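K.L.:
Provided herewith: work_3.txt, compact mmCIF, C-alpha atoms.
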# COMPACT_ATOMS: atom_id res chain seq x y z
CA MET Z 10 0.00 0.00 0.00
CA SER Z 11 2.82 2.38 0.92
CA LEU Z 12 4.54 1.66 -2.42
CA TYR Z 13 1.29 2.43 -4.24
CA CYS Z 14 0.88 5.74 -2.37
CA ALA Z 15 4.47 6.71 -3.12
CA ALA Z 16 3.93 6.02 -6.82
CA VAL Z 17 0.75 8.10 -6.86
CA CYS Z 18 2.53 10.98 -5.08
CA ARG Z 19 5.38 10.88 -7.57
CA ARG Z 20 2.90 10.89 -10.44
CA LYS Z 21 1.02 13.84 -8.93
CA SER Z 22 4.30 15.67 -8.41
CA PHE Z 23 5.23 15.03 -12.05
CA TRP Z 24 1.96 16.43 -13.36
CA CYS Z 25 2.17 19.43 -11.03
CA TYR Z 26 5.61 20.14 -12.46
CA ARG Z 27 4.25 19.83 -15.97
CA LEU Z 28 1.38 22.20 -15.18
CA LEU Z 29 3.75 24.75 -13.66
CA SER Z 30 6.49 24.42 -16.28
CA THR Z 31 7.76 27.88 -17.26
CA TYR Z 32 8.05 26.87 -20.89
CA VAL Z 33 4.51 25.51 -21.03
CA THR Z 34 2.95 28.53 -19.31
CA LYS Z 35 4.88 30.92 -21.58
CA SER Z 36 3.77 29.02 -24.66
CA ARG Z 37 0.13 29.04 -23.53
CA TYR Z 38 0.32 32.74 -22.70
CA LEU Z 39 1.75 33.64 -26.11
CA PHE Z 40 -0.90 31.49 -27.78
CA GLU Z 41 -3.60 33.43 -25.91
CA LEU Z 42 -2.13 36.76 -27.03
CA LYS Z 43 -2.07 35.59 -30.65
CA GLU Z 44 -5.66 34.39 -30.59
CA ASP Z 45 -7.29 37.07 -28.43
CA ASP Z 46 -6.97 40.69 -29.59
CA GLU Z 47 -8.21 42.09 -26.30
CA ALA Z 48 -5.71 40.05 -24.29
CA CYS Z 49 -2.93 41.26 -26.59
CA ARG Z 50 -4.08 44.86 -26.34
CA LYS Z 51 -4.00 44.52 -22.55
CA ALA Z 52 -0.48 43.04 -22.70
CA GLN Z 53 0.67 46.07 -24.66
CA GLN Z 54 -0.09 48.25 -21.64
CA THR Z 55 2.64 46.59 -19.57
CA GLY Z 56 4.84 45.30 -22.38
CA VAL Z 57 8.08 46.63 -23.84
CA PHE Z 58 8.81 47.67 -27.42
CA TYR Z 59 11.76 47.21 -29.76
CA LEU Z 60 11.90 49.94 -32.38
CA PHE Z 61 12.80 49.65 -36.07
CA HIS Z 62 13.03 52.15 -38.91
CA ASP Z 63 12.60 50.68 -42.40
CA LEU Z 64 13.44 47.22 -40.96
CA ALA Z 65 16.65 48.47 -39.27
CA PRO Z 66 16.62 47.97 -35.47
CA LEU Z 67 17.41 50.70 -32.97
CA LEU Z 68 20.80 49.93 -31.40
CA GLN Z 69 23.21 51.61 -29.00
CA ALA Z 70 26.97 51.10 -29.22
CA SER Z 71 28.71 49.71 -26.14
CA GLY Z 72 32.38 49.09 -26.80
CA SER Z 73 32.64 46.51 -29.59
CA GLN Z 74 29.06 45.32 -29.06
CA TYR Z 75 25.57 46.67 -29.64
CA LEU Z 76 22.89 46.94 -26.98
CA VAL Z 77 19.21 46.78 -27.91
CA PRO Z 78 17.18 49.43 -26.04
CA ARG Z 79 13.57 48.72 -25.10
CA LEU Z 80 10.84 51.26 -24.48
CA SER Z 81 7.94 50.98 -22.10
CA ARG Z 82 4.44 51.83 -23.28
CA ALA Z 83 4.64 55.22 -21.57
CA GLU Z 84 8.03 56.01 -23.13
CA LEU Z 85 6.76 55.03 -26.57
CA GLU Z 86 3.65 57.16 -26.22
CA GLY Z 87 5.84 60.09 -25.21
CA LEU Z 88 8.06 59.58 -28.26
CA LEU Z 89 5.09 59.37 -30.62
CA GLY Z 90 3.58 62.50 -29.08
CA LYS Z 91 6.76 64.47 -29.79
CA PHE Z 92 6.42 63.57 -33.47
CA GLY Z 93 2.72 64.36 -33.69
CA GLN Z 94 1.35 60.81 -33.55
CA ASP Z 95 -0.97 59.21 -31.02
CA SER Z 96 -0.96 55.85 -29.28
CA GLN Z 97 -3.00 54.22 -32.06
CA ARG Z 98 0.29 53.78 -33.92
CA ILE Z 99 1.23 51.17 -31.32
CA GLU Z 100 -1.36 48.82 -32.82
CA ASP Z 101 0.97 48.45 -35.82
CA SER Z 102 3.39 46.53 -33.57
CA VAL Z 103 3.91 42.76 -33.67
CA LEU Z 104 4.33 40.32 -30.79
CA ILE Z 105 7.78 38.68 -30.72
CA GLY Z 106 7.89 36.92 -27.34
CA CYS Z 107 7.61 37.33 -23.59
CA SER Z 108 9.63 36.94 -20.40
CA ASN Z 109 9.18 34.18 -17.81
CA GLN Z 110 7.09 36.68 -15.86
CA HIS Z 111 4.82 37.20 -18.91
CA GLU Z 112 6.08 40.66 -19.81
CA ALA Z 113 5.14 40.80 -23.49
CA TRP Z 114 7.70 41.93 -26.08
CA PHE Z 115 6.67 43.80 -29.22
CA ALA Z 116 8.41 45.25 -32.28
CA LEU Z 117 7.28 48.41 -34.04
CA ASP Z 118 8.63 49.88 -37.28
CA LEU Z 119 8.28 53.65 -37.39
CA GLY Z 120 9.83 54.01 -40.84
CA LEU Z 121 7.78 51.78 -43.13
CA ASN Z 122 5.22 53.54 -45.30
CA SER Z 123 2.48 50.93 -45.13
CA ALA Z 124 -0.19 51.25 -47.80
CA SER Z 125 -2.77 49.99 -45.31
CA SER Z 126 -1.65 52.25 -42.45
CA ILE Z 127 -2.86 55.76 -41.82
CA HIS Z 128 0.39 56.68 -40.10
CA ALA Z 129 3.28 58.40 -41.83
CA SER Z 130 6.92 57.38 -41.54
CA LEU Z 131 8.78 59.21 -38.78
CA PRO Z 132 12.09 61.04 -39.50
CA LYS Z 133 15.02 58.70 -38.87
CA SER Z 134 17.74 61.19 -37.84
CA GLU Z 135 15.47 63.08 -35.46
CA MET Z 136 14.37 59.87 -33.75
CA GLU Z 137 17.98 58.70 -33.44
CA ALA Z 138 18.86 61.96 -31.69
CA GLU Z 139 15.86 61.67 -29.40
CA LEU Z 140 16.55 58.03 -28.54
CA ARG Z 141 20.35 58.35 -28.34
CA GLY Z 142 20.88 55.42 -30.67
CA SER Z 143 21.10 54.49 -34.33
CA PHE Z 144 18.92 52.48 -36.67
CA ILE Z 145 21.45 50.04 -38.13
CA LYS Z 146 20.83 47.38 -40.76
CA LEU Z 147 20.58 44.05 -39.01
CA ARG Z 148 22.95 42.28 -41.38
CA GLN Z 149 25.59 44.89 -40.61
CA ALA Z 150 25.20 44.58 -36.83
CA VAL Z 151 24.32 40.92 -36.34
CA PHE Z 152 27.75 39.70 -35.28
CA GLN Z 153 27.99 42.37 -32.58
CA LEU Z 154 24.81 41.26 -30.79
CA ASN Z 155 24.39 38.62 -28.11
CA SER Z 156 22.49 35.47 -29.05
CA MET Z 157 19.24 36.38 -27.28
CA ASP Z 158 19.07 39.84 -28.84
CA SER Z 159 19.92 38.56 -32.30
CA SER Z 160 17.21 35.87 -32.08
CA LEU Z 161 14.57 38.41 -31.03
CA LEU Z 162 15.59 40.85 -33.75
CA PHE Z 163 15.58 38.07 -36.35
CA THR Z 164 11.98 37.27 -35.40
CA ALA Z 165 10.97 40.91 -35.29
CA GLN Z 166 12.45 41.84 -38.65
CA ALA Z 167 10.99 38.76 -40.33
CA LEU Z 168 7.49 39.53 -39.03
CA LEU Z 169 7.69 43.22 -39.88
CA ARG Z 170 8.92 42.45 -43.39
CA TRP Z 171 6.20 39.86 -43.94
CA HIS Z 172 3.45 42.28 -42.92
CA ASP Z 173 4.91 45.01 -45.12
CA SER Z 174 4.86 42.73 -48.18
CA HIS Z 175 1.49 41.02 -47.55
CA GLN Z 176 -0.89 43.93 -47.19
CA PHE Z 177 -3.28 42.80 -49.92
CA CYS Z 178 -5.28 39.64 -50.52
CA SER Z 179 -3.99 37.61 -53.46
CA ARG Z 180 -7.54 36.51 -54.30
CA SER Z 181 -9.59 39.73 -53.98
CA GLY Z 182 -6.89 42.39 -54.20
CA GLN Z 183 -8.41 44.07 -51.15
CA PRO Z 184 -6.31 45.29 -48.17
CA THR Z 185 -5.83 42.65 -45.49
CA LYS Z 186 -6.08 43.40 -41.77
CA LYS Z 187 -3.51 42.38 -39.18
CA ASN Z 188 -4.65 40.90 -35.89
CA MET Z 189 -3.37 42.64 -32.76
CA ALA Z 190 -0.41 40.28 -32.24
CA GLY Z 191 0.59 40.25 -35.90
CA SER Z 192 0.39 36.45 -36.06
CA LYS Z 193 -1.90 36.57 -39.11
CA ARG Z 194 -3.68 38.81 -41.63
CA VAL Z 195 -7.29 38.43 -42.73
CA CYS Z 196 -9.05 39.58 -45.88
CA PRO Z 197 -12.30 41.25 -44.72
CA SER Z 198 -14.05 40.54 -48.04
CA ASN Z 199 -13.59 36.76 -48.22
CA LYS Z 200 -12.22 35.86 -44.73
CA ILE Z 201 -9.08 34.21 -46.14
CA ILE Z 202 -6.42 34.02 -43.41
CA TYR Z 203 -2.74 34.54 -44.24
CA TYR Z 204 -0.03 33.36 -41.84
CA PRO Z 205 3.64 34.41 -41.81
CA GLN Z 206 5.78 31.87 -43.61
CA MET Z 207 9.42 30.88 -43.90
CA ALA Z 208 11.07 29.38 -46.97
CA PRO Z 209 12.64 25.95 -46.22
CA VAL Z 210 16.33 25.72 -47.16
CA VAL Z 211 18.53 22.64 -46.90
CA ILE Z 212 22.14 23.28 -45.90
CA THR Z 213 24.37 20.24 -46.28
CA LEU Z 214 27.92 19.40 -45.22
CA VAL Z 215 29.14 16.69 -47.57
CA THR Z 216 31.91 14.28 -46.58
CA ASP Z 217 33.68 11.39 -48.25
CA GLY Z 218 34.71 9.93 -44.90
CA ALA Z 219 38.03 11.72 -44.48
CA ARG Z 220 37.37 15.14 -46.03
CA CYS Z 221 34.50 17.59 -46.15
CA LEU Z 222 33.30 19.54 -49.15
CA LEU Z 223 32.98 23.31 -48.88
CA ALA Z 224 31.91 25.81 -51.52
CA ARG Z 225 31.68 29.54 -52.12
CA GLN Z 226 29.63 32.00 -54.13
CA SER Z 227 31.10 35.09 -55.78
CA SER Z 228 29.23 37.28 -53.25
CA PHE Z 229 31.12 35.74 -50.30
CA PRO Z 230 34.03 37.59 -48.65
CA LYS Z 231 37.38 36.52 -50.08
CA GLY Z 232 38.51 33.17 -48.73
CA LEU Z 233 35.15 32.27 -47.17
CA TYR Z 234 33.79 28.78 -47.83
CA SER Z 235 30.64 27.21 -46.43
CA ALA Z 236 28.34 24.20 -46.71
CA LEU Z 237 26.10 23.70 -49.73
CA ALA Z 238 22.66 25.30 -49.46
CA GLY Z 239 19.53 25.64 -51.56
CA PHE Z 240 15.78 26.12 -51.35
CA CYS Z 241 13.47 23.12 -51.20
CA ASP Z 242 11.32 22.69 -54.30
CA ILE Z 243 7.56 22.26 -54.06
CA GLY Z 244 6.70 18.62 -53.35
CA GLU Z 245 10.17 17.65 -52.11
CA SER Z 246 11.06 16.02 -48.83
CA VAL Z 247 14.16 17.23 -46.99
CA GLU Z 248 16.01 14.10 -48.12
CA GLU Z 249 15.10 14.67 -51.76
CA ALA Z 250 16.12 18.32 -51.57
CA VAL Z 251 19.54 17.42 -50.11
CA ARG Z 252 20.22 14.84 -52.82
CA ARG Z 253 19.12 17.19 -55.62
CA GLU Z 254 21.09 20.20 -54.34
CA VAL Z 255 24.31 18.19 -54.01
CA ALA Z 256 23.83 16.73 -57.48
CA GLU Z 257 22.99 20.12 -59.01
CA GLU Z 258 25.75 22.14 -57.40
CA VAL Z 259 28.76 19.80 -57.33
CA GLY Z 260 27.76 16.79 -59.45
CA LEU Z 261 27.94 14.23 -56.65
CA GLU Z 262 25.50 11.54 -55.53
CA VAL Z 263 24.60 11.28 -51.85
CA GLU Z 264 24.75 7.78 -50.38
CA SER Z 265 23.46 8.56 -46.88
CA LEU Z 266 22.40 11.60 -44.88
CA GLU Z 267 21.67 12.56 -41.30
CA TYR Z 268 19.66 15.45 -39.88
CA PHE Z 269 21.74 17.79 -37.70
CA SER Z 270 19.75 20.83 -36.60
CA SER Z 271 17.76 23.84 -37.84
CA GLN Z 272 17.89 27.62 -37.61
CA HIS Z 273 15.76 30.58 -38.60
CA TRP Z 274 17.80 32.89 -40.85
CA PRO Z 275 16.40 36.30 -41.85
CA PHE Z 276 18.70 37.11 -44.79
CA PRO Z 277 17.82 38.02 -47.47
CA ASN Z 278 14.27 36.95 -46.52
CA SER Z 279 12.99 34.70 -43.78
CA SER Z 280 14.25 31.12 -44.24
CA LEU Z 281 14.24 27.93 -42.17
CA MET Z 282 17.72 26.44 -42.51
CA ILE Z 283 17.53 22.63 -42.23
CA ALA Z 284 21.03 21.32 -41.65
CA CYS Z 285 22.15 17.82 -42.65
CA HIS Z 286 25.37 15.85 -42.84
CA ALA Z 287 25.70 13.78 -46.03
CA THR Z 288 28.13 11.13 -47.25
CA VAL Z 289 28.82 10.57 -50.96
CA LYS Z 290 29.32 7.23 -52.62
CA PRO Z 291 32.87 5.82 -52.31
CA GLY Z 292 34.99 6.38 -55.39
CA GLN Z 293 32.66 9.08 -56.68
CA THR Z 294 34.24 12.23 -55.29
CA GLN Z 295 35.22 14.17 -58.41
CA ILE Z 296 33.61 17.60 -58.13
CA GLN Z 297 31.88 19.17 -61.12
CA VAL Z 298 31.02 22.73 -60.11
CA ASN Z 299 27.82 24.24 -61.47
CA GLN Z 300 29.07 27.71 -62.39
CA ARG Z 301 25.55 29.11 -62.35
CA GLU Z 302 25.33 28.30 -58.65
CA LEU Z 303 28.87 28.44 -57.29
CA GLU Z 304 32.18 30.17 -57.88
CA ALA Z 305 34.21 27.27 -56.47
CA ALA Z 306 34.01 24.07 -54.45
CA ALA Z 307 36.72 21.81 -53.03
CA TRP Z 308 37.51 19.01 -50.62
CA PHE Z 309 39.24 20.06 -47.40
CA SER Z 310 41.16 17.89 -44.94
CA LEU Z 311 40.53 17.69 -41.22
CA ASP Z 312 43.70 19.68 -40.48
CA GLU Z 313 42.71 22.47 -42.88
CA VAL Z 314 39.23 22.81 -41.44
CA ALA Z 315 40.34 22.51 -37.81
CA SER Z 316 42.89 25.28 -38.38
CA ALA Z 317 40.28 27.48 -40.02
CA LEU Z 318 37.95 27.08 -37.02
CA THR Z 319 40.60 28.59 -34.75
CA ARG Z 320 41.19 31.55 -37.06
CA LYS Z 321 39.55 34.69 -35.67
CA GLY Z 322 37.78 37.19 -37.89
CA SER Z 323 36.78 37.02 -41.56
CA SER Z 324 38.63 40.25 -42.42
CA ARG Z 325 42.09 39.00 -41.57
CA GLN Z 326 44.59 39.76 -44.30
CA PRO Z 327 46.73 36.84 -45.53
CA GLN Z 328 50.52 36.97 -45.07
CA SER Z 329 51.05 35.48 -48.52
CA ASP Z 330 49.39 35.48 -51.89
CA ALA Z 331 47.35 32.42 -50.90
CA LEU Z 332 44.11 33.30 -49.13
CA PRO Z 333 43.52 31.45 -45.85
CA LEU Z 334 40.42 29.30 -45.56
CA LEU Z 335 37.71 31.25 -43.74
CA LEU Z 336 34.55 29.66 -42.31
CA PRO Z 337 31.10 31.06 -41.42
CA PRO Z 338 30.87 32.88 -38.05
CA LYS Z 339 29.56 31.20 -34.92
CA LEU Z 340 26.07 32.66 -35.31
CA ALA Z 341 25.52 30.69 -38.53
CA ILE Z 342 24.40 27.07 -38.39
CA ALA Z 343 27.03 26.19 -41.02
CA HIS Z 344 29.73 26.95 -38.46
CA HIS Z 345 28.27 24.45 -35.99
CA MET Z 346 27.89 21.77 -38.67
CA ILE Z 347 31.54 22.12 -39.60
CA LYS Z 348 32.61 22.15 -35.96
CA LYS Z 349 30.62 18.97 -35.29
CA TRP Z 350 32.29 17.24 -38.25
CA VAL Z 351 35.74 18.20 -36.92
CA GLU Z 352 34.86 16.87 -33.46
CA ARG Z 353 33.64 13.57 -34.92
CA GLN Z 354 36.72 13.14 -37.09
CA THR Z 355 39.01 13.97 -34.20
CA CYS Z 356 37.31 11.44 -31.93
CA SER Z 357 37.51 8.78 -34.66
CA SER Z 358 41.23 9.45 -35.11
CA LEU Z 359 41.88 9.17 -31.38
CA ALA Z 360 39.85 5.95 -31.16
CA ALA Z 361 41.86 4.43 -34.00
Once you've parsed the file, please lay out its structure as structure tokens.
P.N.:
Amino acid sequence: MSLYCAAVCRRKSFWCYRLLSTYVTKSRYLFELKEDDEACRKAQQTGVFYLFHDLAPLLQASGSQYLVPRLSRAELEGLLGKFGQDSQRIEDSVLIGCSNQHEAWFALDLGLNSASSIHASLPKSEMEAELRGSFIKLRQAVFQLNSMDSSLLFTAQALLRWHDSHQFCSRSGQPTKKNMAGSKRVCPSNKIIYYPQMAPVVITLVTDGARCLLARQSSFPKGLYSALAGFCDIGESVEEAVRREVAEEVGLEVESLEYFSSQHWPFPNSSLMIACHATVKPGQTQIQVNQRELEAAAWFSLDEVASALTRKGSSRQPQSDALPLLLPPKLAIAHHMIKKWVERQTCSSLAA
């Protein structure tokens, strides 16, 4: 009987933990804000706001890093008042998350000239002076932000861009209306609902067992190589997309593949990067570069890649005519794929 009671108590304790889980309660709270306009409007009263101007976030320099200032509702209303706008402009904001204490986080772009908005763009330089910061393009600043700030700004910019480019119904041509949280847009004439979307992209690190294949496009900084990447075609599975992209770009046939991880990437538009490791068929490693897709591709040894991982900065000037191998920065999922491959190869070498 005592064993039975102990088991019941443990089970009750487990379910109490599940009910009180911070992650679960946050997820449920955000769901409520997305589905209930009044609840979201109420959350705006005590929430904080990240400001953008024409999709560039407001940042403040702090040494070699950027800080991301946040405004309270009262501070934002005061700012809008100074530029002749009222608090109704706040309803153009989008929900991007919340704290463990359910303080809602919103993003608001004061520089976009929305065709469906009655509010005019505010002057950038005057706002920067007022806010003691600068509106800096996210791609320019991204490597000087901490991981939490960059993730929030990625989400914010993606949502703001999506709303700016989806203001009209593709069926009726009529203006669509954003819900309070910005989690969807609805066409009033036919009730079609539009949801923000990401484009799926496969990014693949190819290996032949001892080497990994890296490639570059002409737009890359000099010396920078990365994993192969391409958009998924309609109707494809992730596995089919990986095999096709490898075949298209470097003329190789994938024998096996393994899912690694995923990452939201906002450049140039919102994409879901789906990372995989792939192995090519033995004896079929001769690269045939598709010049329409790539500038170059090559096999690199473990030593070459391991050395490149320890090299700091992508702007380092070479000491000789030969450019050093440069790899994607730590923020990019490609960096972590390459690092994982090096760790696996190193462990295999030690085990042997």
K.L.:
Counting all atoms listed in the file, which of Z:Ile296, Z:Ala113, Z:Leu147, Z:Ala190 gets nearest to Val215 in chain Z?
P.N.:
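Selected residue with least distance to Val215 in chain Z: Z:Ile296.
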K.L.:
With all atoms listed in the file as the basis for distance, which of Z:Gln74, Z:Gly191, Z:Pro275, Z:Ile212 is at the shortest distance from Arg148 in chain Z?
P.N.:
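Of all the options, Z:Pro275 lies closest to Arg148 in chain Z.
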K.L.:
Calculated over all atoms listed in the file, which of the candidates Z:Pro66, Z:Leu214, Z:Arg225, Z:Met282 has the smallest distance to Cys241 in chain Z?
P.N.:
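For Cys241 in chain Z, the nearest of the candidates is Z:Met282.
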K.L.:
Go through Z:Leu237, Z:Leu336, Z:Met136, Z:Met346 and flag the residue nearest Tyr268 in chain Z, using all atoms listed in the file for the distances.
P.N.:
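Answer, going by the shortest atom-to-atom distance: Z:Met346.
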K.L.:
Could you check which of Z:Gly232, Z:Gly218, Z:Gly106, Z:Gly239 is closest to Ala306 in chain Z, using all atoms listed in the file?
P.N.:
Z:Gly232
K.L.:
Please identify all polymer residues within 10 Å of Ser271 in chain Z, counting all atoms listed in the file, omitting same-chain residues fewer than 3 positions from it, and present them as number ranges by chain.
P.N.:
Z: 210-212, 268, 274, 281-285, 342
K.L.:
Write the residues of the selection above to a file with C-alpha atoms, as a compact mmCIF listing (two decimals), in the coordinates of the input.
P.N.:
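File part26.txt, as written:
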# COMPACT_ATOMS: atom_id res chain seq x y z
CA VAL Z 210 16.33 25.72 -47.16
CA VAL Z 211 18.53 22.64 -46.90
CA ILE Z 212 22.14 23.28 -45.90
CA TYR Z 268 19.66 15.45 -39.88
CA TRP Z 274 17.80 32.89 -40.85
CA LEU Z 281 14.24 27.93 -42.17
CA MET Z 282 17.72 26.44 -42.51
CA ILE Z 283 17.53 22.63 -42.23
CA ALA Z 284 21.03 21.32 -41.65
CA CYS Z 285 22.15 17.82 -42.65
CA ILE Z 342 24.40 27.07 -38.39
K.L.:
Which residues are close to Phe58 in chain Z, i.e. within 8 Å by all atoms listed in the file, leaving aside same-chain residues fewer than 4 positions away? Reply as a PyMOL selection string.
P.N.:
chain Z and resi 79-82+85+114-117
K.L.:
So how far away is CA of Gln110 in chain Z from CA of Ala70 in chain Z, in Å?
P.N.:
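These two atoms are separated by 28.0 Å.
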K.L.:
Pick out the closest residue to Ser316 in chain Z from this set: Z:Lys348, Z:Lys193, Z:Lys91, Z:Lys43. Count all atoms listed in the file.
P.N.:
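Going through Z:Lys348, Z:Lys193, Z:Lys91, Z:Lys43 one by one, the smallest distance to Ser316 in chain Z is for Z:Lys348.
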K.L.:
For range 258-262 of chain Z, please output as a CSV table (one decimal) with C-alpha atoms, in the coordinates of the input all residues within 10 Å (counting all atoms listed in the file; exclusion window: fewer than 5 positions along the same chain).
P.N.:
chain,number,residue,atom,x,y,z
Z,215,VAL,CA,29.1,16.7,-47.6
Z,222,LEU,CA,33.3,19.5,-49.2
Z,224,ALA,CA,31.9,25.8,-51.5
Z,237,LEU,CA,26.1,23.7,-49.7
Z,238,ALA,CA,22.7,25.3,-49.5
Z,239,GLY,CA,19.5,25.6,-51.6
Z,251,VAL,CA,19.5,17.4,-50.1
Z,252,ARG,CA,20.2,14.8,-52.8
Z,253,ARG,CA,19.1,17.2,-55.6
Z,287,ALA,CA,25.7,13.8,-46.0
Z,288,THR,CA,28.1,11.1,-47.2
Z,289,VAL,CA,28.8,10.6,-51.0
Z,290,LYS,CA,29.3,7.2,-52.6
Z,291,PRO,CA,32.9,5.8,-52.3
Z,293,GLN,CA,32.7,9.1,-56.7
Z,294,THR,CA,34.2,12.2,-55.3
Z,295,GLN,CA,35.2,14.2,-58.4
Z,296,ILE,CA,33.6,17.6,-58.1
Z,297,GLN,CA,31.9,19.2,-61.1
Z,298,VAL,CA,31.0,22.7,-60.1
Z,299,ASN,CA,27.8,24.2,-61.5
Z,300,GLN,CA,29.1,27.7,-62.4
Z,301,ARG,CA,25.6,29.1,-62.4
Z,302,GLU,CA,25.3,28.3,-58.6
Z,303,LEU,CA,28.9,28.4,-57.3
Z,305,ALA,CA,34.2,27.3,-56.5
Z,306,ALA,CA,34.0,24.1,-54.4
Z,307,ALA,CA,36.7,21.8,-53.0
K.L.:
Using all atoms listed in the file and a cutoff of 10 Å, can you tell me which residues are near (25.3, 51.1, -31.0) in the file's coordinates, and write them out as a list in words?
P.N.:
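The answer, in the requested form, is Leu67, Leu68, Gln69, Ala70, Ser71, Gly72, Ser73, Gln74, Tyr75, Leu76, Val77, Pro78, Arg141, Gly142, Ser143, Phe144, Ile145, Ala150, Gln153 and Leu154 of chain Z.
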K.L.:
I'd like the contact shell of range 163-174 of chain Z - 7 Å cut-off, all atoms listed in the file, skipping same-chain residues fewer than 6 positions apart - returned as a list in words.
P.N.:
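The contact residues come out as Leu64, Ile105, Ala116, Ser123, Pro205, Pro275 and Ser279 of chain Z.
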K.L.:
What does the distance between CA of Ser160 in chain Z and CA of Arg320 in chain Z come to in Å, to one decimal place?
P.N.:
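A separation of 24.9 Å between them.
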K.L.:
Between range 288-322 of chain Z and range 349-353 of chain Z, at 9 Å or less, what are the per-residue closest atom pairs and their distances in Å? Count only C-alpha atoms, order by chain and rising residue number, and return it as a Markdown table.
P.N.:
| residue | atom | partner | partner_atom | distance |
| --- | --- | --- | --- | --- |
| Z:Leu311 | CA | Z:Val351 | CA | 6.5 |
| Z:Asp312 | CA | Z:Val351 | CA | 8.8 |
| Z:Val314 | CA | Z:Val351 | CA | 7.3 |
| Z:Ala315 | CA | Z:Val351 | CA | 6.4 |
K.L.:
Would you mind listing what lies within 6 Å of Arg194 in chain Z as a ChimeraX atom specification, with all atoms listed in the file counted and same-chain residues fewer than 2 positions away left out?
P.N.:
/Z:185-187,202-203
K.L.:
Just to confirm, what's the straight-line distance from CA of Lys51 in chain Z to CA of Gln176 in chain Z in Å (one decimal)?
P.N.:
24.8 Å
